[in-house]
>>> print(open('structure19.cif').read())   # mmCIF, C-alpha atoms
data_upload
loop_
_atom_site.label_atom_id
_atom_site.label_comp_id
_atom_site.auth_asym_id
_atom_site.auth_seq_id
_atom_site.Cartn_x
_atom_site.Cartn_y
_atom_site.Cartn_z
CA MET C 109 -78.53 205.07 -200.35
CA VAL C 110 -79.55 207.77 -202.84
CA PHE C 111 -76.24 207.40 -204.65
CA ASN C 112 -77.14 203.90 -205.67
CA TRP C 113 -79.85 205.32 -207.88
CA PHE C 114 -77.31 206.99 -210.10
CA ARG C 115 -74.52 204.49 -210.10
CA GLN C 116 -74.54 202.30 -213.17
CA LYS C 117 -73.22 199.01 -211.93
CA THR C 118 -71.95 196.25 -214.19
CA LYS C 119 -74.67 193.69 -214.54
CA THR C 120 -73.50 190.54 -212.82
CA LYS C 121 -75.05 188.45 -215.55
CA ASP C 122 -72.52 189.93 -217.98
CA VAL C 123 -69.73 189.06 -215.58
CA ALA C 124 -71.07 185.51 -215.49
CA LYS C 125 -71.26 185.33 -219.29
CA ASP C 126 -67.73 186.60 -219.80
CA ARG C 127 -66.29 184.20 -217.25
CA LEU C 128 -68.20 181.29 -218.71
CA ARG C 129 -67.02 182.06 -222.23
CA VAL C 130 -63.38 181.89 -221.19
CA VAL C 131 -63.75 178.82 -219.05
CA LEU C 132 -65.77 176.90 -221.64
CA MET C 133 -63.26 177.58 -224.36
CA GLN C 134 -60.52 176.23 -222.16
CA ASP C 135 -62.66 173.23 -221.21
CA ARG C 136 -63.58 172.45 -224.78
CA LEU C 137 -60.03 172.65 -226.05
CA SER C 138 -58.30 170.82 -223.25
CA LEU C 139 -60.95 168.13 -223.33
CA SER C 140 -61.19 167.48 -227.02
CA HIS C 141 -58.49 164.93 -226.99
CA GLY C 142 -55.12 166.27 -228.01
CA ILE C 143 -56.46 169.11 -230.15
CA MET C 144 -54.30 171.58 -228.28
CA GLU C 145 -51.22 169.37 -228.83
CA GLU C 146 -52.05 168.94 -232.48
CA MET C 147 -52.44 172.68 -232.92
CA LYS C 148 -49.13 173.30 -231.15
CA ASP C 149 -47.38 170.83 -233.46
CA GLU C 150 -48.77 172.49 -236.56
CA VAL C 151 -47.82 175.96 -235.40
CA ILE C 152 -44.30 174.75 -234.58
CA THR C 153 -43.94 173.06 -237.96
CA ALA C 154 -45.05 176.21 -239.74
CA ILE C 155 -42.68 178.49 -237.83
CA SER C 156 -39.78 176.06 -238.04
CA LYS C 157 -39.72 176.54 -241.80
CA TYR C 158 -38.43 180.04 -241.27
CA VAL C 159 -36.69 180.11 -237.91
CA GLU C 160 -34.93 177.71 -235.60
CA ILE C 161 -36.89 177.56 -232.37
CA ASP C 162 -36.24 176.30 -228.88
CA ARG C 163 -38.87 173.54 -228.69
CA PRO C 164 -38.74 172.76 -224.95
CA GLY C 165 -39.16 176.47 -224.19
CA ILE C 166 -42.46 176.84 -226.05
CA GLU C 167 -45.48 177.90 -224.05
CA PHE C 168 -49.11 178.07 -225.11
CA SER C 169 -51.65 179.58 -222.77
CA TRP C 170 -55.03 181.28 -222.59
CA LYS C 171 -55.16 184.85 -221.39
CA GLU C 172 -57.65 187.60 -221.25
CA ILE C 173 -56.34 190.70 -222.96
CA ASP C 174 -58.49 193.83 -223.06
CA LYS C 175 -61.56 191.76 -222.11
CA ARG C 176 -60.94 189.45 -225.05
CA ARG C 177 -59.84 185.86 -225.00
CA ALA C 178 -56.40 185.36 -226.46
CA LEU C 179 -54.29 182.35 -227.22
CA VAL C 180 -50.78 183.42 -226.32
CA ALA C 181 -47.86 181.54 -227.78
CA ASN C 182 -44.41 182.20 -226.47
CA ILE C 183 -41.91 180.75 -228.91
CA PRO C 184 -38.24 181.34 -228.13
CA VAL C 185 -36.21 181.76 -231.31
CA ILE C 186 -32.63 180.46 -231.46
CA SER C 187 -31.76 181.78 -234.88
CA ILE C 188 -33.23 182.92 -238.14
CA LYS C 189 -32.69 180.43 -240.93
CA ARG C 190 -30.52 181.75 -243.72
CA GLY C 191 -32.39 182.28 -246.90
CA ALA C 192 -35.75 182.05 -245.27
CA THR C 193 -37.35 185.07 -246.88
CA SER C 194 -36.00 188.38 -248.00
CA ASN C 195 -37.91 190.40 -245.46
CA ASP C 196 -37.16 188.53 -242.24
CA ARG C 197 -39.37 190.02 -239.64
CA VAL C 198 -40.00 186.79 -237.86
CA THR C 199 -39.10 187.21 -234.24
CA GLN C 200 -40.84 186.30 -231.04
CA ARG C 201 -44.50 186.64 -231.68
CA SER C 202 -47.75 186.34 -229.89
CA TYR C 203 -50.79 184.92 -231.62
CA MET A 906 -92.90 154.43 -231.99
CA SER A 907 -91.67 154.41 -228.44
CA GLN A 908 -88.87 156.64 -227.30
CA ALA A 909 -86.36 156.53 -224.44
CA ILE A 910 -85.31 159.93 -223.12
CA VAL A 911 -82.49 160.41 -220.61
CA ILE A 912 -82.55 163.45 -218.30
CA THR A 913 -78.98 164.54 -217.53
CA SER A 914 -77.16 167.59 -216.16
CA GLY A 915 -73.67 166.84 -214.91
CA LYS A 916 -74.11 168.99 -211.84
CA GLY A 917 -76.26 167.72 -209.01
CA GLY A 918 -79.21 169.59 -207.56
CA VAL A 919 -80.39 171.34 -210.71
CA GLY A 920 -83.70 169.50 -210.88
CA LYS A 921 -83.19 166.29 -212.88
CA THR A 922 -85.39 164.16 -210.65
CA THR A 923 -88.12 166.82 -210.44
CA THR A 924 -87.98 167.15 -214.22
CA THR A 925 -88.15 163.38 -214.74
CA ALA A 926 -91.15 163.05 -212.40
CA ASN A 927 -93.05 165.98 -213.89
CA LEU A 928 -92.44 165.01 -217.51
CA GLY A 929 -93.41 161.41 -216.74
CA VAL A 930 -96.69 162.47 -215.15
CA ALA A 931 -97.45 165.08 -217.84
CA LEU A 932 -96.84 162.60 -220.67
CA ALA A 933 -99.02 159.98 -218.99
CA LEU A 934 -101.77 162.55 -218.38
CA SER A 935 -101.78 163.26 -222.11
CA GLY A 936 -102.57 159.62 -222.75
CA ALA A 937 -99.17 158.01 -223.34
CA LYS A 938 -97.89 154.86 -221.62
CA VAL A 939 -94.88 155.96 -219.60
CA VAL A 940 -92.20 154.44 -217.38
CA VAL A 941 -89.92 156.65 -215.32
CA VAL A 942 -86.65 154.91 -214.50
CA ASP A 943 -84.41 155.87 -211.59
CA ALA A 944 -80.88 155.17 -212.80
CA ASP A 945 -79.29 156.73 -209.72
CA ILE A 946 -78.33 153.45 -208.10
CA GLY A 947 -77.40 153.80 -204.45
CA LEU A 948 -79.03 157.23 -204.14
CA ARG A 949 -82.60 156.64 -205.16
CA ASN A 950 -84.96 159.59 -204.98
CA LEU A 951 -87.38 159.45 -207.85
CA ASP A 952 -89.63 157.25 -205.71
CA VAL A 953 -90.06 159.90 -202.98
CA VAL A 954 -90.51 162.73 -205.47
CA MET A 955 -93.25 160.68 -207.13
CA GLY A 956 -94.76 159.70 -203.78
CA LEU A 957 -94.37 155.97 -204.47
CA GLU A 958 -91.70 155.10 -201.90
CA ASN A 959 -93.94 152.85 -199.82
CA ARG A 960 -94.73 150.51 -202.65
CA ILE A 961 -91.28 149.34 -203.68
CA VAL A 962 -90.71 145.59 -203.61
CA TYR A 963 -88.15 144.97 -206.32
CA ASP A 964 -85.78 147.37 -208.04
CA LEU A 965 -83.76 147.88 -211.20
CA VAL A 966 -80.81 145.82 -209.99
CA ASP A 967 -83.13 142.93 -209.06
CA VAL A 968 -84.38 142.92 -212.64
CA VAL A 969 -80.91 143.07 -214.14
CA GLU A 970 -79.65 140.30 -211.88
CA GLY A 971 -82.65 138.14 -212.63
CA TYR A 972 -84.18 138.06 -209.14
CA CYS A 973 -87.54 139.12 -210.51
CA ARG A 974 -89.27 139.76 -213.79
CA LEU A 975 -89.39 143.28 -215.20
CA ARG A 976 -93.12 143.50 -214.73
CA GLN A 977 -92.83 142.65 -211.04
CA ALA A 978 -90.50 145.58 -210.39
CA LEU A 979 -92.69 148.17 -212.12
CA ILE A 980 -94.79 150.21 -209.69
CA LYS A 981 -98.06 151.41 -211.13
CA ASP A 982 -99.01 154.94 -210.19
CA LYS A 983 -102.65 154.70 -209.10
CA ARG A 984 -103.27 158.43 -209.58
CA VAL A 985 -102.35 158.54 -213.25
CA ASP A 986 -103.32 156.02 -215.90
CA GLY A 987 -100.46 154.44 -217.81
CA LEU A 988 -97.66 155.64 -215.50
CA PHE A 989 -95.07 153.30 -213.98
CA LEU A 990 -91.90 153.69 -211.93
CA LEU A 991 -88.87 151.45 -212.05
CA PRO A 992 -87.01 152.31 -208.83
CA ALA A 993 -83.25 152.23 -208.35
CA ALA A 994 -81.60 149.95 -205.80
CA GLN A 995 -80.69 151.76 -202.63
CA THR A 996 -78.17 149.33 -201.17
CA LYS A 997 -76.05 148.59 -204.25
CA ASP A 998 -73.65 150.90 -206.03
CA LYS A 999 -73.40 152.14 -209.58
CA ASN A 1000 -71.18 149.27 -210.67
CA ALA A 1001 -73.97 146.76 -210.03
CA VAL A 1002 -75.16 147.47 -213.58
CA ASN A 1003 -73.32 147.91 -216.87
CA PRO A 1004 -74.32 149.81 -220.03
CA GLU A 1005 -75.12 146.62 -221.96
CA GLN A 1006 -77.60 145.52 -219.31
CA MET A 1007 -79.21 148.96 -219.22
CA LYS A 1008 -79.58 148.92 -222.99
CA GLU A 1009 -81.32 145.58 -222.83
CA LEU A 1010 -83.59 146.78 -220.02
CA ILE A 1011 -84.61 149.95 -221.86
CA GLY A 1012 -85.24 147.89 -224.98
CA ALA A 1013 -87.58 145.60 -223.03
CA LEU A 1014 -89.43 148.60 -221.55
CA LYS A 1015 -89.87 150.13 -225.00
CA GLU A 1016 -91.81 147.10 -226.15
CA GLU A 1017 -94.77 147.98 -223.96
CA HIS A 1018 -94.51 151.71 -223.33
CA ASP A 1019 -94.48 154.89 -225.39
CA TYR A 1020 -92.00 156.87 -223.33
CA ILE A 1021 -89.18 155.73 -221.08
CA ILE A 1022 -87.83 158.66 -219.04
CA VAL A 1023 -84.49 157.88 -217.39
CA ASP A 1024 -83.34 159.95 -214.42
CA CYS A 1025 -79.56 160.09 -214.75
CA PRO A 1026 -77.32 160.46 -211.68
CA ALA A 1027 -75.09 163.53 -211.34
CA GLY A 1028 -71.51 163.14 -212.50
CA ILE A 1029 -69.88 161.73 -215.61
CA GLU A 1030 -68.82 158.27 -214.45
CA GLN A 1031 -70.32 154.80 -214.68
CA GLY A 1032 -73.77 155.94 -213.53
CA PHE A 1033 -73.93 158.44 -216.39
CA ARG A 1034 -72.68 155.84 -218.88
CA ASN A 1035 -75.37 153.42 -217.71
CA ALA A 1036 -78.17 155.98 -217.83
CA ILE A 1037 -77.48 157.15 -221.37
CA SER A 1038 -77.11 153.72 -222.91
CA GLY A 1039 -80.31 152.70 -224.56
CA ALA A 1040 -81.66 156.26 -224.76
CA ASP A 1041 -82.80 157.68 -228.10
CA ARG A 1042 -82.89 161.25 -226.98
CA ALA A 1043 -80.98 163.24 -224.35
CA VAL A 1044 -82.19 166.22 -222.37
CA ILE A 1045 -79.82 168.40 -220.33
CA VAL A 1046 -81.18 170.29 -217.34
CA THR A 1047 -79.33 173.40 -216.19
CA THR A 1048 -79.98 176.42 -214.01
CA PRO A 1049 -78.85 179.99 -214.82
CA GLU A 1050 -75.68 179.64 -212.75
CA VAL A 1051 -72.09 179.54 -213.92
CA SER A 1052 -71.37 176.12 -212.40
CA ALA A 1053 -74.47 174.44 -213.81
CA VAL A 1054 -73.97 175.91 -217.27
CA ARG A 1055 -70.34 174.83 -217.32
CA ASP A 1056 -71.30 171.26 -216.42
CA ALA A 1057 -74.07 171.33 -219.03
CA ASP A 1058 -71.44 172.14 -221.64
CA ARG A 1059 -69.28 169.25 -220.52
CA ILE A 1060 -72.24 166.88 -220.65
CA THR A 1061 -73.16 168.15 -224.11
CA GLY A 1062 -69.68 167.21 -225.31
CA LEU A 1063 -69.88 163.75 -223.73
CA LEU A 1064 -73.34 163.12 -225.16
CA GLU A 1065 -72.24 164.18 -228.63
CA ALA A 1066 -69.23 161.89 -228.37
CA SER A 1067 -71.62 159.07 -227.44
CA GLY A 1068 -73.67 159.58 -230.57
CA PHE A 1069 -76.45 161.90 -229.40
CA GLU A 1070 -76.51 164.36 -232.26
CA LYS A 1071 -78.83 166.93 -230.76
CA PRO A 1072 -79.12 167.03 -227.00
CA GLU A 1073 -81.84 169.44 -225.90
CA LEU A 1074 -81.76 171.93 -223.05
CA ILE A 1075 -84.17 172.69 -220.22
CA ILE A 1076 -83.33 175.83 -218.25
CA ASN A 1077 -84.70 175.42 -214.76
CA ARG A 1078 -85.31 177.89 -211.94
CA ILE A 1079 -85.32 181.10 -213.91
CA LYS A 1080 -86.11 184.04 -211.63
CA PRO A 1081 -87.71 186.69 -213.86
CA ARG A 1082 -87.12 189.48 -211.34
CA MET A 1083 -83.39 188.78 -211.15
CA VAL A 1084 -83.22 188.51 -214.94
CA ALA A 1085 -84.96 191.91 -215.24
CA ARG A 1086 -82.38 193.62 -213.09
CA GLY A 1087 -79.49 191.94 -214.90
CA ASP A 1088 -78.41 189.73 -212.03
CA MET A 1089 -79.26 186.43 -213.66
CA MET A 1090 -78.33 185.10 -217.06
CA ASP A 1091 -81.27 185.13 -219.41
CA ILE A 1092 -82.40 182.39 -221.79
CA PRO A 1093 -80.70 183.87 -224.89
CA ASP A 1094 -77.45 184.29 -222.91
CA ILE A 1095 -77.39 180.62 -221.98
CA ILE A 1096 -78.41 179.38 -225.42
CA ASP A 1097 -75.74 181.59 -226.94
CA ILE A 1098 -73.06 180.10 -224.70
CA LEU A 1099 -74.09 176.45 -224.96
CA ALA A 1100 -75.22 176.51 -228.60
CA ILE A 1101 -77.80 173.73 -228.26
CA ASP A 1102 -81.55 173.54 -228.88
CA LEU A 1103 -83.92 174.76 -226.21
CA LEU A 1104 -86.65 172.34 -225.15
CA GLY A 1105 -88.11 174.42 -222.36
CA VAL A 1106 -87.79 176.99 -219.61
CA VAL A 1107 -89.07 176.38 -216.09
CA PRO A 1108 -89.54 179.34 -213.73
CA ASP A 1109 -88.40 179.14 -210.14
CA ASP A 1110 -91.47 178.13 -208.20
CA ASP A 1111 -91.88 177.62 -204.44
CA TYR A 1112 -94.64 175.19 -205.20
CA ILE A 1113 -92.03 172.61 -206.27
CA VAL A 1114 -90.96 172.31 -202.62
CA VAL A 1115 -94.59 171.88 -201.55
CA SER A 1116 -95.22 169.26 -204.23
CA THR A 1117 -92.06 167.37 -203.30
CA ASN A 1118 -93.10 167.45 -199.63
CA ARG A 1119 -96.34 165.78 -200.63
CA GLY A 1120 -94.95 163.46 -203.27
CA GLU A 1121 -97.25 164.92 -205.92
CA PRO A 1122 -95.44 166.28 -208.98
CA ALA A 1123 -96.42 169.87 -209.74
CA VAL A 1124 -98.05 169.00 -213.09
CA MET A 1125 -100.83 167.29 -211.12
CA THR A 1126 -102.21 170.68 -210.04
CA ASP A 1127 -103.28 173.63 -212.15
CA ASN A 1128 -101.88 176.43 -210.01
CA SER A 1129 -98.13 175.94 -210.45
CA ARG A 1130 -96.10 177.97 -212.93
CA ALA A 1131 -93.44 175.28 -213.01
CA GLY A 1132 -96.10 172.65 -213.56
CA GLU A 1133 -97.44 174.63 -216.52
CA ALA A 1134 -93.93 174.83 -217.97
CA TYR A 1135 -93.47 171.06 -217.60
CA ARG A 1136 -96.80 170.39 -219.31
CA ASN A 1137 -95.61 172.51 -222.22
CA ILE A 1138 -92.33 170.63 -222.39
CA ALA A 1139 -94.21 167.32 -222.44
CA ARG A 1140 -96.25 168.56 -225.40
CA ARG A 1141 -93.06 169.58 -227.20
CA ILE A 1142 -91.64 166.10 -226.57
CA ARG A 1143 -94.73 164.69 -228.25
CA GLY A 1144 -93.95 166.84 -231.27
CA GLU A 1145 -96.31 169.76 -230.77
CA GLU A 1146 -95.20 173.32 -231.35
CA VAL A 1147 -95.80 175.17 -228.10
CA PRO A 1148 -94.62 178.76 -227.55
CA PHE A 1149 -92.33 179.38 -224.58
CA LEU A 1150 -93.89 180.92 -221.47
CA ASP A 1151 -93.47 184.65 -221.19
CA LEU A 1152 -91.50 185.06 -218.00
CA SER A 1153 -90.50 188.66 -218.46
CA GLU A 1154 -91.16 190.90 -215.54
CA LYS A 1155 -90.52 194.60 -215.58
CA GLU A 1156 -88.80 196.04 -212.59
CA THR A 1157 -91.27 198.45 -211.00
CA ILE A 1158 -90.38 201.45 -208.88
CA TRP A 1159 -91.56 199.48 -205.86
CA SER A 1160 -89.50 196.38 -206.47
CA ARG A 1161 -86.51 198.63 -207.09
CA LEU A 1162 -87.10 200.51 -203.86
CA ARG A 1163 -87.48 197.28 -201.94
CA ARG A 1164 -84.26 195.98 -203.40
CA LEU A 1165 -82.33 199.11 -202.52
CA MET A 1166 -83.66 199.07 -198.97
CA ARG A 1167 -82.60 195.48 -198.58
CA ARG A 1168 -79.11 196.17 -199.84
CA ASN A 1169 -78.37 198.98 -197.45
#
>>> encode(input="structure19.cif", output="structure tokens")
Amino acid sequence: MVFNWFRQKTKTKDVAKDRLRVVLMQDRLSLSHGIMEEMKDEVITAISKYVEIDRPGIEFSWKEIDKRRALVANIPVISIKRGATSNDRVTQRSY
Amino acid sequence: MSQAIVITSGKGGVGKTTTTANLGVALALSGAKVVVVDADIGLRNLDVVMGLENRIVYDLVDVVEGYCRLRQALIKDKRVDGLFLLPAAQTKDKNAVNPEQMKELIGALKEEHDYIIVDCPAGIEQGFRNAISGADRAVIVTTPEVSAVRDADRITGLLEASGFEKPELIINRIKPRMVARGDMMDIPDIIDILAIDLLGVVPDDDYIVVSTNRGEPAVMTDNSRAGEAYRNIARRIRGEEVPFLDLSEKETIWSRLRRLMRRN
């Protein structure tokens, strides 16, 4: 019992807040009609200027990385377009 | 200028009906002419919370379907001047009414009353659509729990999409002791997450159960903390600037000891 006095426990209200933040962001995006799809399309269009990508293999998802919300895009690249830019560093990337 | 206010939440059981009843009584006590409308067709409850269940003859659906005149369906509360209840039908379902009819009904009520307070059913379907149509102002009730706050966010989005520019929030059942020890989300936490205007905060109060048992909304007595909070909210609705109740409670060595004993 005495040990409880010294143990700093995570406040459960902070746990609640963090979980709510993630879930609400997902709710808001998936609900606001087609915003996620629209965003995907724009990202694909932008990347397609430089590299040829495998469209059916594209995945967008929400993750929590180091306690932060992250939008993770997995975009398989088929090939780099010739003459894209001089310093081609465009490969598979996470946003 | 009369005003129709819808009390929503998304999630059930957060205190919409209690809030509707208390705000209705508080507004009427301050001299306004008020009608509280139970829009929860098929699951009526505002009548029992108000203590008027034995006086129902006609209901909202009867009015909409033309079986009686609006005035015949309004139940006058004999305890409070200028307060009326329009009860929901208990035997019909939510599809017995459509948003156009509700809008017309609210419009008719506004002609003779200052405030129309509509108790919205839980959920986001037809009943919700009906309850919000005709309202000028929307209030969202939530409690400091993850599920209620999530639903409040969803309702905020739906209300905004329906043209309510600034829905306002009532946070119900705050337990100051739990907030003090960090086991309950506090007011700033919830406001931060939902990003909408705060209309009021109502502390958790056992007296609400007592008042519901009796059918006498808590604002009718002077010794209820929740009742005091609802009176303040009613004044804010009327446009007064009223400071929020101070609900902070420091954790004492005794409450801490008691808590530790209970845990082990």
>>> closest_residue(input="structure19.cif", among="A:Ser1052, A:Thr922, A:Ser1116, A:Asn950", to="chain C", atoms="only C-alpha atoms")
A:Ser1052
>>> interface_residues(input="structure19.cif", of="chain A", to="chain C", cutoff="10 Å", atoms="only C-alpha atoms", output="number ranges by chain")
A: 1049-1052, 1054-1056, 1058-1059, 1062-1063, 1066, 1083-1084, 1086-1091, 1094-1095, 1097-1099, 1161-1162, 1165-1166, 1168-1169
>>> resolve_selection(input="structure19.cif", expression="the PyMOL selection byres ((chain A and resi 999) around 6)", output="PyMOL selection string")
chain A and resi 946+998+1000-1001+1032
>>> resolve_selection(input="structure19.cif", expression="the PyMOL selection byres ((chain A and resi 943) around 6)", output="VMD selection string")
chain A and resid 942 944 to 945 951 992 to 993 1024
>>> resolve_selection(input="structure19.cif", expression="the PyMOL selection byres ((chain C and resi 161-173) around 9)", output="PyMOL selection string")
chain C and resi 130+134+144+148+152+155-156+159-160+174-188
>>> atom_distance(input="structure19.cif", atom1="CA of Asp1019 in chain A", atom2="CA of Val1114 in chain A")
28.9 Å
>>> residues_around(input="structure19.cif", residues="Asp967 in chain A", least_positions_apart="3", cutoff="10 Å", atoms="all atoms listed in the file", output="list in words")
Val962, Tyr963, Asp964, Glu970, Gly971, Tyr972, Cys973, Arg974, Leu975, Gln977, Ala978, Ala993, Ala994 and Ala1001 of chain A
>>> atom_distance(input="structure19.cif", atom1="CA of Glu1145 in chain A", atom2="CA of Ala1053 in chain A")
28.0 Å
>>> closest_residue(input="structure19.cif", among="A:Val985, A:Met1007, A:Met955, A:Ala1027", to="Asn927 in chain A", atoms="only C-alpha atoms")
A:Met955
>>> atom_distance(input="structure19.cif", atom1="CA of Lys997 in chain A", atom2="CA of Ile961 in chain A")
15.3 Å
>>> residues_around(input="structure19.cif", residues="Ile912 in chain A", least_positions_apart="5", cutoff="7 Å", atoms="only C-alpha atoms", output="PyMOL selection string")
chain A and resi 921+925+1023-1025+1043-1045
>>> residues_around(input="structure19.cif", residues="Leu1014 in chain A", least_positions_apart="4", cutoff="12 Å", atoms="all atoms listed in the file", output="ChimeraX atom specification")
/A:907-909,938-942,965,968,974-976,978-979,989-991,1007-1010,1018-1023,1039-1040
